[in-house]
Protein chains: 2
Amino acid sequence: MPATIRDVARACGVHVSTVSRTFSAPNLVNPETRSRVLAVAEQLGYRPNKAARALITGRTTNLGLIVADITNPYFPPMIKAAQSQARLHDHHVFVADTDENPAVEEELVRTLAAQVDGILLCSPRMVTRSLSALAQEVPIVVVNRSVDGIPAVLMDLASGARNAIDHLADLGHQHVAYVGGPAVSWTNRELRRAAVAAAKARGIRLHLLGPFPPNHAGGVAAASAVRETPATGVLAFNDIVAIGLLESLREAGVSVPGQISLIGVDDIPQAEIVRLTTIATPTDTAGRAAVDMLLARAAAGRRGGTPADQAAIADQWLPTTLVVRESTGPAPSTKRVPTARTGS
Amino acid sequence: MPATIRDVARACGVHVSTVSRTFSAPNLVNPETRSRVLAVAEQLGYRPNKAARALITGRTTNLGLIVADITNPYFPPMIKAAQSQARLHDHHVFVADTDENPAVEEELVRTLAAQVDGILLCSPRMVTRSLSALAQEVPIVVVNRSVDGIPAVLMDLASGARNAIDHLADLGHQHVAYVGGPAVSWTNRELRRAAVAAAKARGIRLHLLGPFPPNHAGGVAAASAVRETPATGVLAFNDIVAIGLLESLREAGVSVPGQISLIGVDDIPQAEIVRLTTIATPTDTAGRAAVDMLLARAAAGRRGGTPADQAAIADQWLPTTLVVRESTGPAPSTKRVPTARTGS
DNA sequence: ATGAAAGCGCTAACAA
DNA sequence: TTGTTAGCGCTTTCAT
């Protein structure tokens with residue numbers, strides 16, 4: 001049985017309210033009394049019960065963090081950073097994995113809502129309408145998605161894609177393919193939009209492929225699609241897809257970067273291992289920033305959060321970096337002839 | 001403002017206790033009343049407040065999960081499985097990252113203790129004494145560590161190591177090195193113990209190296225140590241170390257598996273990419289099993305948890321598998337001469 | 001600066 | 001089967 005506030009009060013010969021104040025408003029209590037209370041509390045191993053406190057204050061000092069798939073190597077650094085930043089502010093964090101299921105995502109927000117001060121949605125998959133509705137019920141901050149009225153932490157993929165296309169153009173590539181991810185993905189739309197614009201600016205042909213599932217299998221599937229185009233350069237939705245593509249291509253005897261240059265997105269650890277050129281996104285910075293925004297948002301909500309108040313918390317854009325490794329090289333001098341699709 | 005039990009009661013013309021029962025003991029309430037209550041609750045969007053419920057029942061339907069480092073690719077599959085299994089039993093899970101710091105680990109258990117029904121410690125780093133003390137305060141289940149009196153989910157590394165050594169012996173290797181991990185690691189001790197026994201059984205020389213930090217840098221550091229021994233086969237503490245070793249060796253012009261055969265532990269995704277032979281451990285099964293044990297342990301604790309009651313929950317051993325890939329091959333016919341340590 | 005009292009939302013005896 | 005009552009551990013007026 002953990003000690004309660006009453007045990008401490010009794011052992012101190014003081015009233016419960018004094019003990020309470022010692023922890024929640026220390027400056028309102030006589031320094032001598034305070035230190036006596038603190039000493040007894042320490043000795044009894046007393047810790048204020050968060051559930052009881054939450055019941056009356058409405059604050060839980062807990063945060064929720066929801067991701068589509070924890071095993072996607074993109075997320076752990078973000079989770080780690082978010083968790084560490086939350087701890088800095090004495091908050092614990094519930095982490096939930098939706099298994100890429102939008103319905104689960106929604107349900108998790110609902111069940112978590114009452115036990116947290118706010119929820120962080122990382123690359124959410126649910127439809128915008130649901131997202132907006134939920135944001136009315138609980139403070140929400142999203143990462144990697146822009147939704148009207150919901151504060152967000154976004155990656156500057158536009159300039160990342162521009163740098164990627166420029167890099168390929170500089171290497172002499174005339175035909176470049178964009179291997180698209182899920183149609184609902186905000187990241188996918190940003191990337192594609194920027195790639196189209198950049199290709200136009202540099203006067204090169206962009207071949208839009210996909211959508212492909214954002215996993216290894218997607219990359220494998222994309223390999224044959226790419227080979228049906230005259231593209232000698234490829235920008236893929238993310239590193240996982242790019243790596244699937246890379247392996248598939250090499251297995252088929254296509255040299256990377258000899259015949260095809262490949263660029264991914266995210267700079268996950270695997271990308272370094274296979275020496276993939278990629279657009280690095282600052283996931284840890286995003287995690288920290290998102291927690292800060294969420295905490296600010298929750299605080300604002302507490303002191304009479306008007307809709308205007310919420311909107312006051314501005315979206316945050318994070319810079320991306322093109323990391324050039326060995327999966328990109330000069331365009332082949334001999335024009336490659338589109339090859340027929342091969343099996344396995 | 002979310003609806004409370006009183007709102008529902010009023011709207012139903014029924015007492016709060018009836019509403020309460022509808023949710024916590026549905027069979028004790030008249031089917032008609034029940035459905036009426038349910039309908040109104042649904043309409044009002046009522047959800048029982050977990051904090052309030054926890055305050056009186058002592059049950060939170062929350063679990064804690066603590067790992068040393070979320071970004072270590074070994075953990076995410078385990079977290080995912082644990083979280084999913086917990087959800088199956090209507091539990092949410094706090095995930096905390098200790099950043100490899102035992103003090104943080106201990107503090108997290110303490111602060112989490114009051115808000116959860118139990119805590120899962122994955123590969124805990126804290127000293128046994130602390131672990132045992134904490135287990136008195138809150139139901140604990142550990143993964144990858146065996147501590148007296150605390151239920152555990154363990155990997156059968158012993159047979160894994162035996163298979164690994166046998167595999168190398170079968171390939172003709174006479175000298176094998178074990179690249180050790182942290183001295184405090186239970187996994188490390190198990191692996192080493194089994195490797196020693198297996199080497200003895202097969203009549204081959206085992207060179208014990210380390211301890212090395214269980215990361216990429218550790219593998220790099222181990223590379224020169226390995227080259228100072230006549231070993232042509234290596235079993236490394238884990239895949240991360242093995243991959244560091246692999247890259248370092250190849251950079252130094254040592255062929256793997258031509259001159260040195262390499263075996264890792266865990267079968268993380270990267271291991272597949274670099275085609276590393278490794279001892280696969282069923283992390284997802286471990287996550288699920290651990291949650292089940294923890295839930296059982298918490299339930300046992302609730303109905304008069306005697307120490308004997310706790311001990312009744314037996315440790316669970318999970319089988320490992322040797323996954324043979326391309327980092328192991330026949331021992332080189334020409335005896336390799338120990339090379340002097342080189343820089344970089 | 002401290003005490004008294006009310007109550008957050010809910011469950012759990014006990015009565016009826 | 002349902003209502004009544006007390007109270008989980010804490011904070012927060014309002015007095016003193």
# chains A, B, ... in the order shown; residues from 1 in each chain; ligands from 1

call {"tool": "interface_residues", "arguments": {"of": "chain A", "to": "chain D", "cutoff": "10 Å", "atoms": "only C-alpha atoms (C1' of nucleotides)", "output": "VMD selection string"}}
result
chain A and resid 4 to 6 16 to 17 20 to 21 24 48 to 57

call {"tool": "residues_around", "arguments": {"residues": "DA1 in chain C", "least_positions_apart": "3", "cutoff": "9 Å", "atoms": "only C-alpha atoms (C1' of nucleotides)", "output": "JSON, numbers by chain"}}
result
{"A": [28, 29, 30]}

call {"tool": "interface_residues", "arguments": {"of": "chain C", "to": "chain B", "cutoff": "7 Å", "atoms": "only C-alpha atoms (C1' of nucleotides)", "output": "PDB file with C-alpha atoms (C1' of nucleotides), in the first residue's frame"}}
result
ATOM      1  C1'  DG C   9     -16.449  10.635 -11.501  1.00  0.00           C
ATOM      2  C1'  DC C  10     -16.864   6.540 -10.246  1.00  0.00           C
ATOM      3  C1'  DT C  11     -17.658   1.786  -7.618  1.00  0.00           C
TER       4       DT C  11
END

call {"tool": "residues_around", "arguments": {"residues": "Lys200 in chain A", "least_positions_apart": "4", "cutoff": "12 Å", "atoms": "only C-alpha atoms (C1' of nucleotides)", "output": "list in words"}}
result
Arg162, Ile165, Asp166, Ala169, Gln174, His175, Val176, Arg193, Ala194, Ala195, Val196, Ile204, Arg205, Leu206 and His207 of chain A

call {"tool": "write_last_selection", "arguments": {"atoms": "N, CA and C atoms", "output": "CSV table (one decimal), in the first residue's frame"}}
result
chain,number,residue,atom,x,y,z
A,162,ARG,N,13.1,19.0,-54.7
A,162,ARG,CA,13.8,19.9,-55.7
A,162,ARG,C,15.3,19.6,-55.7
A,165,ILE,N,15.8,16.3,-57.5
A,165,ILE,CA,15.7,16.4,-59.0
A,165,ILE,C,16.9,17.1,-59.6
A,166,ASP,N,17.3,18.2,-58.9
A,166,ASP,CA,18.4,19.0,-59.3
A,166,ASP,C,19.7,18.1,-59.4
A,169,ALA,N,19.4,15.9,-62.3
A,169,ALA,CA,19.6,16.7,-63.6
A,169,ALA,C,21.1,17.1,-63.8
A,174,GLN,N,17.9,12.6,-68.0
A,174,GLN,CA,16.9,13.3,-68.8
A,174,GLN,C,15.5,12.8,-68.5
A,175,HIS,N,15.5,11.5,-68.1
A,175,HIS,CA,14.2,10.9,-67.7
A,175,HIS,C,14.2,10.4,-66.3
A,176,VAL,N,13.3,10.9,-65.5
A,176,VAL,CA,13.3,10.5,-64.1
A,176,VAL,C,11.9,10.0,-63.7
A,193,ARG,N,4.3,16.8,-56.1
A,193,ARG,CA,4.0,18.1,-56.5
A,193,ARG,C,5.4,18.8,-56.8
A,194,ALA,N,6.3,18.7,-55.8
A,194,ALA,CA,7.6,19.4,-55.9
A,194,ALA,C,8.4,18.8,-57.0
A,195,ALA,N,8.3,17.4,-57.2
A,195,ALA,CA,9.1,16.8,-58.2
A,195,ALA,C,8.6,17.2,-59.6
A,196,VAL,N,7.3,17.4,-59.8
A,196,VAL,CA,6.8,17.8,-61.0
A,196,VAL,C,7.3,19.2,-61.4
A,204,ILE,N,13.4,18.4,-67.7
A,204,ILE,CA,13.5,16.9,-67.9
A,204,ILE,C,12.2,16.2,-67.7
A,205,ARG,N,12.1,15.1,-68.3
A,205,ARG,CA,10.8,14.3,-68.3
A,205,ARG,C,10.6,13.6,-67.0
A,206,LEU,N,9.4,13.8,-66.3
A,206,LEU,CA,9.1,13.1,-65.1
A,206,LEU,C,8.1,12.0,-65.3
A,207,HIS,N,8.3,10.8,-65.0
A,207,HIS,CA,7.4,9.7,-65.2
A,207,HIS,C,6.7,9.4,-63.8

call {"tool": "interface_residues", "arguments": {"of": "chain B", "to": "chain A", "cutoff": "8 Å", "atoms": "only C-alpha atoms", "output": "number ranges by chain"}}
result
B: 49-52, 54-55, 69-71, 73, 76-77, 79-80, 83-84, 92-97, 112, 114-115, 270

call {"tool": "write_last_selection", "arguments": {"atoms": "N, CA and C atoms", "output": "compact mmCIF listing (two decimals), in the first residue's frame"}}
result
# COMPACT_ATOMS: atom_id res chain seq x y z
N ASN B 49 -14.96 7.27 -17.07
CA ASN B 49 -13.68 7.93 -16.81
C ASN B 49 -12.75 6.96 -16.09
N LYS B 50 -11.65 6.63 -16.79
CA LYS B 50 -10.74 5.62 -16.25
C LYS B 50 -10.06 6.07 -14.96
N ALA B 51 -9.75 7.35 -14.88
CA ALA B 51 -9.06 7.85 -13.69
C ALA B 51 -9.95 7.65 -12.46
N ALA B 52 -11.20 8.00 -12.62
CA ALA B 52 -12.14 7.87 -11.49
C ALA B 52 -12.30 6.40 -11.12
N ALA B 54 -10.17 4.02 -11.66
CA ALA B 54 -8.91 3.53 -11.09
C ALA B 54 -8.80 3.92 -9.62
N LEU B 55 -9.28 5.09 -9.33
CA LEU B 55 -9.17 5.61 -7.98
C LEU B 55 -9.82 4.68 -6.97
N ASP B 69 16.39 1.38 -25.31
CA ASP B 69 16.56 2.22 -26.48
C ASP B 69 15.61 1.81 -27.59
N ILE B 70 14.61 2.63 -27.81
CA ILE B 70 13.60 2.31 -28.83
C ILE B 70 14.20 2.23 -30.21
N THR B 71 15.26 2.99 -30.44
CA THR B 71 15.83 3.00 -31.79
C THR B 71 16.70 1.78 -32.07
N PRO B 73 16.83 -1.57 -33.25
CA PRO B 73 15.83 -2.28 -34.06
C PRO B 73 15.34 -3.59 -33.45
N PRO B 76 11.45 -2.62 -31.43
CA PRO B 76 10.15 -2.29 -31.99
C PRO B 76 9.20 -3.47 -32.23
N PRO B 77 9.66 -4.59 -32.78
CA PRO B 77 8.72 -5.69 -32.98
C PRO B 77 8.14 -6.18 -31.65
N ILE B 79 7.77 -4.32 -28.90
CA ILE B 79 6.85 -3.29 -28.43
C ILE B 79 5.53 -3.42 -29.17
N LYS B 80 5.64 -3.59 -30.47
CA LYS B 80 4.43 -3.69 -31.28
C LYS B 80 3.56 -4.85 -30.82
N GLN B 83 2.10 -4.20 -27.33
CA GLN B 83 1.05 -3.19 -27.39
C GLN B 83 -0.23 -3.79 -27.98
N SER B 84 -0.07 -4.56 -29.01
CA SER B 84 -1.24 -5.15 -29.67
C SER B 84 -1.93 -6.17 -28.76
N HIS B 92 -4.03 0.01 -22.30
CA HIS B 92 -3.15 0.90 -23.04
C HIS B 92 -1.75 0.72 -22.47
N VAL B 93 -0.75 1.12 -23.25
CA VAL B 93 0.60 0.97 -22.70
C VAL B 93 1.48 2.20 -22.82
N PHE B 94 2.03 2.55 -21.66
CA PHE B 94 3.03 3.61 -21.60
C PHE B 94 4.33 3.00 -22.11
N VAL B 95 4.98 3.67 -23.02
CA VAL B 95 6.29 3.19 -23.46
C VAL B 95 7.33 4.22 -23.03
N ALA B 96 8.37 3.75 -22.38
CA ALA B 96 9.42 4.67 -21.95
C ALA B 96 10.78 4.15 -22.36
N ASP B 97 11.62 5.08 -22.72
CA ASP B 97 12.97 4.78 -23.19
C ASP B 97 13.94 5.31 -22.13
N LEU B 112 5.88 5.41 -12.84
CA LEU B 112 4.84 4.73 -13.61
C LEU B 112 3.99 3.84 -12.71
N ALA B 114 2.26 3.86 -10.07
CA ALA B 114 0.94 4.19 -9.57
C ALA B 114 -0.12 4.24 -10.66
N GLN B 115 0.32 4.38 -11.89
CA GLN B 115 -0.67 4.54 -12.95
C GLN B 115 -0.83 3.32 -13.84
N GLN B 270 18.13 -5.48 -40.62
CA GLN B 270 19.41 -5.22 -41.29
C GLN B 270 20.18 -6.50 -41.57

call {"tool": "select_by_dssp", "arguments": {"residues": "range 130-259 of chain B", "states": "alpha helix (DSSP H)", "output": "ChimeraX atom specification"}}
result
/B:130-137,157-170,186-202,216-227,239-251

call {"tool": "write_last_selection", "arguments": {"atoms": "C-alpha atoms", "output": "PDB file, in the first residue's frame"}}
result
ATOM      1  CA  SER B 130      16.817  -2.711  -7.296  1.00  0.00           C
ATOM      2  CA  LEU B 131      14.813  -4.951  -9.570  1.00  0.00           C
ATOM      3  CA  SER B 132      13.769  -7.164  -6.694  1.00  0.00           C
ATOM      4  CA  ALA B 133      12.859  -4.167  -4.557  1.00  0.00           C
ATOM      5  CA  LEU B 134      10.686  -2.669  -7.272  1.00  0.00           C
ATOM      6  CA  ALA B 135       8.960  -5.976  -7.872  1.00  0.00           C
ATOM      7  CA  GLN B 136       7.561  -5.669  -4.365  1.00  0.00           C
ATOM      8  CA  GLU B 137       5.850  -2.407  -5.207  1.00  0.00           C
ATOM      9  CA  LEU B 157      20.116 -18.662 -26.286  1.00  0.00           C
ATOM     10  CA  ALA B 158      21.922 -21.714 -24.971  1.00  0.00           C
ATOM     11  CA  SER B 159      20.704 -23.936 -27.764  1.00  0.00           C
ATOM     12  CA  GLY B 160      21.069 -21.053 -30.183  1.00  0.00           C
ATOM     13  CA  ALA B 161      24.733 -20.657 -29.320  1.00  0.00           C
ATOM     14  CA  ARG B 162      25.219 -24.410 -29.487  1.00  0.00           C
ATOM     15  CA  ASN B 163      23.719 -24.491 -32.978  1.00  0.00           C
ATOM     16  CA  ALA B 164      25.929 -21.595 -34.010  1.00  0.00           C
ATOM     17  CA  ILE B 165      29.100 -23.262 -32.752  1.00  0.00           C
ATOM     18  CA  ASP B 166      28.058 -26.572 -34.292  1.00  0.00           C
ATOM     19  CA  HIS B 167      27.456 -24.810 -37.584  1.00  0.00           C
ATOM     20  CA  LEU B 168      30.960 -23.327 -37.520  1.00  0.00           C
ATOM     21  CA  ALA B 169      32.498 -26.605 -36.424  1.00  0.00           C
ATOM     22  CA  ASP B 170      30.715 -28.414 -39.227  1.00  0.00           C
ATOM     23  CA  TRP B 186      22.159 -11.717 -18.910  1.00  0.00           C
ATOM     24  CA  THR B 187      22.019 -12.478 -22.616  1.00  0.00           C
ATOM     25  CA  ASN B 188      25.767 -12.052 -22.835  1.00  0.00           C
ATOM     26  CA  ARG B 189      26.390 -14.470 -19.996  1.00  0.00           C
ATOM     27  CA  GLU B 190      24.047 -17.074 -21.445  1.00  0.00           C
ATOM     28  CA  LEU B 191      25.601 -16.837 -24.854  1.00  0.00           C
ATOM     29  CA  ARG B 192      29.138 -17.082 -23.541  1.00  0.00           C
ATOM     30  CA  ARG B 193      28.386 -19.956 -21.224  1.00  0.00           C
ATOM     31  CA  ALA B 194      26.748 -21.954 -23.990  1.00  0.00           C
ATOM     32  CA  ALA B 195      29.465 -21.109 -26.481  1.00  0.00           C
ATOM     33  CA  VAL B 196      32.141 -22.311 -24.078  1.00  0.00           C
ATOM     34  CA  ALA B 197      30.322 -25.565 -23.482  1.00  0.00           C
ATOM     35  CA  ALA B 198      29.630 -26.168 -27.160  1.00  0.00           C
ATOM     36  CA  ALA B 199      33.200 -25.409 -28.194  1.00  0.00           C
ATOM     37  CA  LYS B 200      34.466 -27.823 -25.622  1.00  0.00           C
ATOM     38  CA  ALA B 201      32.055 -30.502 -26.822  1.00  0.00           C
ATOM     39  CA  ARG B 202      33.256 -30.083 -30.402  1.00  0.00           C
ATOM     40  CA  HIS B 216      27.998  -0.438 -34.325  1.00  0.00           C
ATOM     41  CA  ALA B 217      31.095   1.127 -32.791  1.00  0.00           C
ATOM     42  CA  GLY B 218      31.507  -1.936 -30.637  1.00  0.00           C
ATOM     43  CA  GLY B 219      31.617  -4.068 -33.747  1.00  0.00           C
ATOM     44  CA  VAL B 220      34.223  -1.825 -35.316  1.00  0.00           C
ATOM     45  CA  ALA B 221      36.316  -2.031 -32.163  1.00  0.00           C
ATOM     46  CA  ALA B 222      35.932  -5.784 -32.063  1.00  0.00           C
ATOM     47  CA  ALA B 223      37.257  -6.161 -35.606  1.00  0.00           C
ATOM     48  CA  SER B 224      40.874  -5.566 -34.664  1.00  0.00           C
ATOM     49  CA  ALA B 225      40.539  -7.702 -31.561  1.00  0.00           C
ATOM     50  CA  VAL B 226      39.275 -10.561 -33.684  1.00  0.00           C
ATOM     51  CA  ARG B 227      42.158 -10.190 -36.125  1.00  0.00           C
ATOM     52  CA  ASP B 239      23.499  -8.348 -35.044  1.00  0.00           C
ATOM     53  CA  ILE B 240      24.405  -4.703 -34.657  1.00  0.00           C
ATOM     54  CA  VAL B 241      27.847  -5.628 -33.405  1.00  0.00           C
ATOM     55  CA  ALA B 242      28.148  -8.307 -36.059  1.00  0.00           C
ATOM     56  CA  ILE B 243      27.321  -5.835 -38.814  1.00  0.00           C
ATOM     57  CA  GLY B 244      29.852  -3.336 -37.487  1.00  0.00           C
ATOM     58  CA  LEU B 245      32.354  -6.157 -37.488  1.00  0.00           C
ATOM     59  CA  LEU B 246      31.388  -7.220 -40.972  1.00  0.00           C
ATOM     60  CA  GLU B 247      31.815  -3.783 -42.484  1.00  0.00           C
ATOM     61  CA  SER B 248      35.022  -3.152 -40.622  1.00  0.00           C
ATOM     62  CA  LEU B 249      36.489  -6.458 -41.703  1.00  0.00           C
ATOM     63  CA  ARG B 250      35.557  -6.002 -45.336  1.00  0.00           C
ATOM     64  CA  GLU B 251      36.929  -2.467 -45.340  1.00  0.00           C
TER      65      GLU B 251
END

call {"tool": "atom_distance", "arguments": {"atom1": "CA of Ala113 in chain A", "atom2": "CA of Val141 in chain A"}}
result
13.0 Å

call {"tool": "residues_around", "arguments": {"residues": "Gln43 in chain A", "least_positions_apart": "3", "cutoff": "12 Å", "atoms": "only C-alpha atoms (C1' of nucleotides)", "output": "MDAnalysis selection string"}}
result
chainID A and resid 2:3 7:8 11:12 36:40 46:47

call {"tool": "write_last_selection", "arguments": {"atoms": "N, CA and C atoms", "output": "PDB file, in the first residue's frame"}}
result
ATOM      1  N   PRO A   2       0.799   2.026  -1.036  1.00  0.00           N
ATOM      2  CA  PRO A   2       1.540   3.290  -1.037  1.00  0.00           C
ATOM      3  C   PRO A   2       0.925   4.272  -0.051  1.00  0.00           C
ATOM      4  N   ALA A   3       1.756   5.144   0.492  1.00  0.00           N
ATOM      5  CA  ALA A   3       1.286   6.147   1.450  1.00  0.00           C
ATOM      6  C   ALA A   3       0.390   7.168   0.758  1.00  0.00           C
ATOM      7  N   ASP A   7      -1.722   9.989   5.287  1.00  0.00           N
ATOM      8  CA  ASP A   7      -0.654   9.414   6.115  1.00  0.00           C
ATOM      9  C   ASP A   7       0.390  10.474   6.424  1.00  0.00           C
ATOM     10  N   VAL A   8       0.754  11.194   5.391  1.00  0.00           N
ATOM     11  CA  VAL A   8       1.764  12.233   5.560  1.00  0.00           C
ATOM     12  C   VAL A   8       1.260  13.311   6.512  1.00  0.00           C
ATOM     13  N   ALA A  11       1.293  12.051  10.121  1.00  0.00           N
ATOM     14  CA  ALA A  11       2.661  11.929  10.628  1.00  0.00           C
ATOM     15  C   ALA A  11       3.314  13.290  10.861  1.00  0.00           C
ATOM     16  N   CYS A  12       2.751  14.309  10.220  1.00  0.00           N
ATOM     17  CA  CYS A  12       3.331  15.646  10.356  1.00  0.00           C
ATOM     18  C   CYS A  12       2.578  16.498  11.364  1.00  0.00           C
ATOM     19  N   ARG A  36       9.462  20.083   6.572  1.00  0.00           N
ATOM     20  CA  ARG A  36       9.053  18.995   7.459  1.00  0.00           C
ATOM     21  C   ARG A  36       8.169  18.006   6.680  1.00  0.00           C
ATOM     22  N   VAL A  37       7.214  18.567   5.970  1.00  0.00           N
ATOM     23  CA  VAL A  37       6.319  17.735   5.156  1.00  0.00           C
ATOM     24  C   VAL A  37       7.125  16.930   4.138  1.00  0.00           C
ATOM     25  N   LEU A  38       8.011  17.626   3.458  1.00  0.00           N
ATOM     26  CA  LEU A  38       8.826  16.972   2.439  1.00  0.00           C
ATOM     27  C   LEU A  38       9.621  15.806   3.030  1.00  0.00           C
ATOM     28  N   ALA A  39      10.185  16.060   4.217  1.00  0.00           N
ATOM     29  CA  ALA A  39      10.997  15.025   4.869  1.00  0.00           C
ATOM     30  C   ALA A  39      10.155  13.792   5.180  1.00  0.00           C
ATOM     31  N   VAL A  40       9.002  14.039   5.796  1.00  0.00           N
ATOM     32  CA  VAL A  40       8.120  12.918   6.146  1.00  0.00           C
ATOM     33  C   VAL A  40       7.648  12.184   4.885  1.00  0.00           C
ATOM     34  N   TYR A  46       6.018   8.734  -0.031  1.00  0.00           N
ATOM     35  CA  TYR A  46       4.769   9.263  -0.590  1.00  0.00           C
ATOM     36  C   TYR A  46       4.966   9.877  -1.967  1.00  0.00           C
ATOM     37  N   ARG A  47       4.048   9.529  -2.871  1.00  0.00           N
ATOM     38  CA  ARG A  47       4.013  10.163  -4.188  1.00  0.00           C
ATOM     39  C   ARG A  47       2.566  10.523  -4.467  1.00  0.00           C
TER      40      ARG A  47
END

call {"tool": "residues_around", "arguments": {"residues": "range 117-124 of chain A", "least_positions_apart": "2", "cutoff": "8 Å", "atoms": "only C-alpha atoms (C1' of nucleotides)", "output": "CSV table (one decimal) with N, CA and C atoms, in the first residue's frame"}}
result
chain,number,residue,atom,x,y,z
A,59,ARG,N,-6.0,17.6,-15.4
A,59,ARG,CA,-4.7,17.4,-16.1
A,59,ARG,C,-4.2,16.0,-15.7
A,60,THR,N,-3.6,15.3,-16.7
A,60,THR,CA,-3.2,14.0,-16.4
A,60,THR,C,-1.6,13.9,-16.4
A,61,THR,N,-1.0,14.9,-17.0
A,61,THR,CA,0.5,14.8,-17.3
A,61,THR,C,0.8,13.5,-18.0
A,62,ASN,N,-0.1,13.2,-18.9
A,62,ASN,CA,0.2,12.0,-19.8
A,62,ASN,C,-0.1,12.5,-21.3
A,63,LEU,N,0.7,12.0,-22.2
A,63,LEU,CA,0.5,12.3,-23.6
A,63,LEU,C,0.2,11.0,-24.4
A,64,GLY,N,-0.4,11.1,-25.5
A,64,GLY,CA,-0.6,9.9,-26.3
A,64,GLY,C,0.2,10.1,-27.6
A,65,LEU,N,0.7,9.0,-28.1
A,65,LEU,CA,1.5,9.1,-29.4
A,65,LEU,C,1.0,8.0,-30.2
A,66,ILE,N,0.5,8.3,-31.4
A,66,ILE,CA,0.0,7.2,-32.2
A,66,ILE,C,0.7,7.2,-33.6
A,67,VAL,N,1.2,6.0,-33.9
A,67,VAL,CA,1.9,5.8,-35.2
A,67,VAL,C,1.2,4.6,-35.9
A,68,ALA,N,1.5,4.6,-37.2
A,68,ALA,CA,0.9,3.5,-38.0
A,68,ALA,C,1.6,2.2,-37.8
A,102,PRO,N,-6.9,2.9,-40.2
A,102,PRO,CA,-7.4,4.2,-39.9
A,102,PRO,C,-8.5,4.1,-38.8
A,105,GLU,N,-7.0,3.7,-35.5
A,105,GLU,CA,-6.4,5.0,-35.2
A,105,GLU,C,-7.4,5.9,-34.5
A,109,VAL,N,-7.6,7.2,-30.5
A,109,VAL,CA,-7.7,8.6,-30.1
A,109,VAL,C,-8.8,8.7,-29.1
A,113,ALA,N,-8.2,9.7,-25.3
A,113,ALA,CA,-8.5,11.1,-25.0
A,113,ALA,C,-8.7,11.5,-23.6
A,115,GLN,N,-7.5,10.1,-20.9
A,115,GLN,CA,-6.4,9.9,-20.0
A,115,GLN,C,-5.2,10.7,-20.3
A,126,MET,N,-6.1,8.5,-41.0
A,126,MET,CA,-7.5,8.7,-41.1
A,126,MET,C,-7.9,9.8,-42.0
A,138,VAL,N,-10.1,16.7,-28.1
A,138,VAL,CA,-8.8,16.6,-27.3
A,138,VAL,C,-7.7,17.3,-28.1
A,139,PRO,N,-6.8,18.0,-27.4
A,139,PRO,CA,-5.7,18.7,-28.1
A,139,PRO,C,-4.9,17.7,-29.0
A,140,ILE,N,-4.8,18.0,-30.2
A,140,ILE,CA,-4.1,17.2,-31.1
A,140,ILE,C,-3.0,18.0,-31.9
A,141,VAL,N,-1.9,17.3,-32.1
A,141,VAL,CA,-0.8,17.9,-33.0
A,141,VAL,C,-0.5,16.8,-33.9
A,142,VAL,N,-0.4,17.1,-35.2
A,142,VAL,CA,0.0,16.1,-36.2
A,142,VAL,C,1.3,16.3,-36.7
A,143,VAL,N,2.0,15.2,-37.1
A,143,VAL,CA,3.3,15.3,-37.8
A,143,VAL,C,3.1,14.7,-39.2
A,144,ASN,N,3.7,15.3,-40.1
A,144,ASN,CA,3.7,14.9,-41.5
A,144,ASN,C,2.3,14.9,-42.1
A,145,ARG,N,1.5,15.9,-41.7
A,145,ARG,CA,0.2,16.1,-42.4
A,145,ARG,C,-0.3,17.4,-42.1
A,185,SER,N,-1.5,9.8,-48.7
A,185,SER,CA,-0.4,10.3,-47.9
A,185,SER,C,0.0,11.8,-48.3
A,290,ALA,N,7.0,18.6,-31.8
A,290,ALA,CA,5.6,18.2,-31.7
A,290,ALA,C,5.2,18.2,-30.3
A,291,VAL,N,6.0,17.6,-29.4
A,291,VAL,CA,5.7,17.6,-28.0
A,291,VAL,C,5.5,19.0,-27.4
A,294,LEU,N,2.4,20.5,-28.6
A,294,LEU,CA,1.2,19.8,-28.0
A,294,LEU,C,1.0,20.3,-26.5
A,295,LEU,N,2.1,20.5,-25.8
A,295,LEU,CA,2.1,21.0,-24.5
A,295,LEU,C,1.5,22.4,-24.5
A,298,ALA,N,-2.1,22.3,-25.2
A,298,ALA,CA,-2.9,21.8,-24.1
A,298,ALA,C,-3.0,22.9,-23.1

call {"tool": "atom_distance", "arguments": {"atom1": "CA of Gly172 in chain A", "atom2": "CA of Ser333 in chain A"}}
result
9.1 Å

call {"tool": "select_by_dssp", "arguments": {"residues": "range 168-202 of chain B", "states": "strand (DSSP E)", "output": "PyMOL selection string"}}
result
chain B and resi 175-179
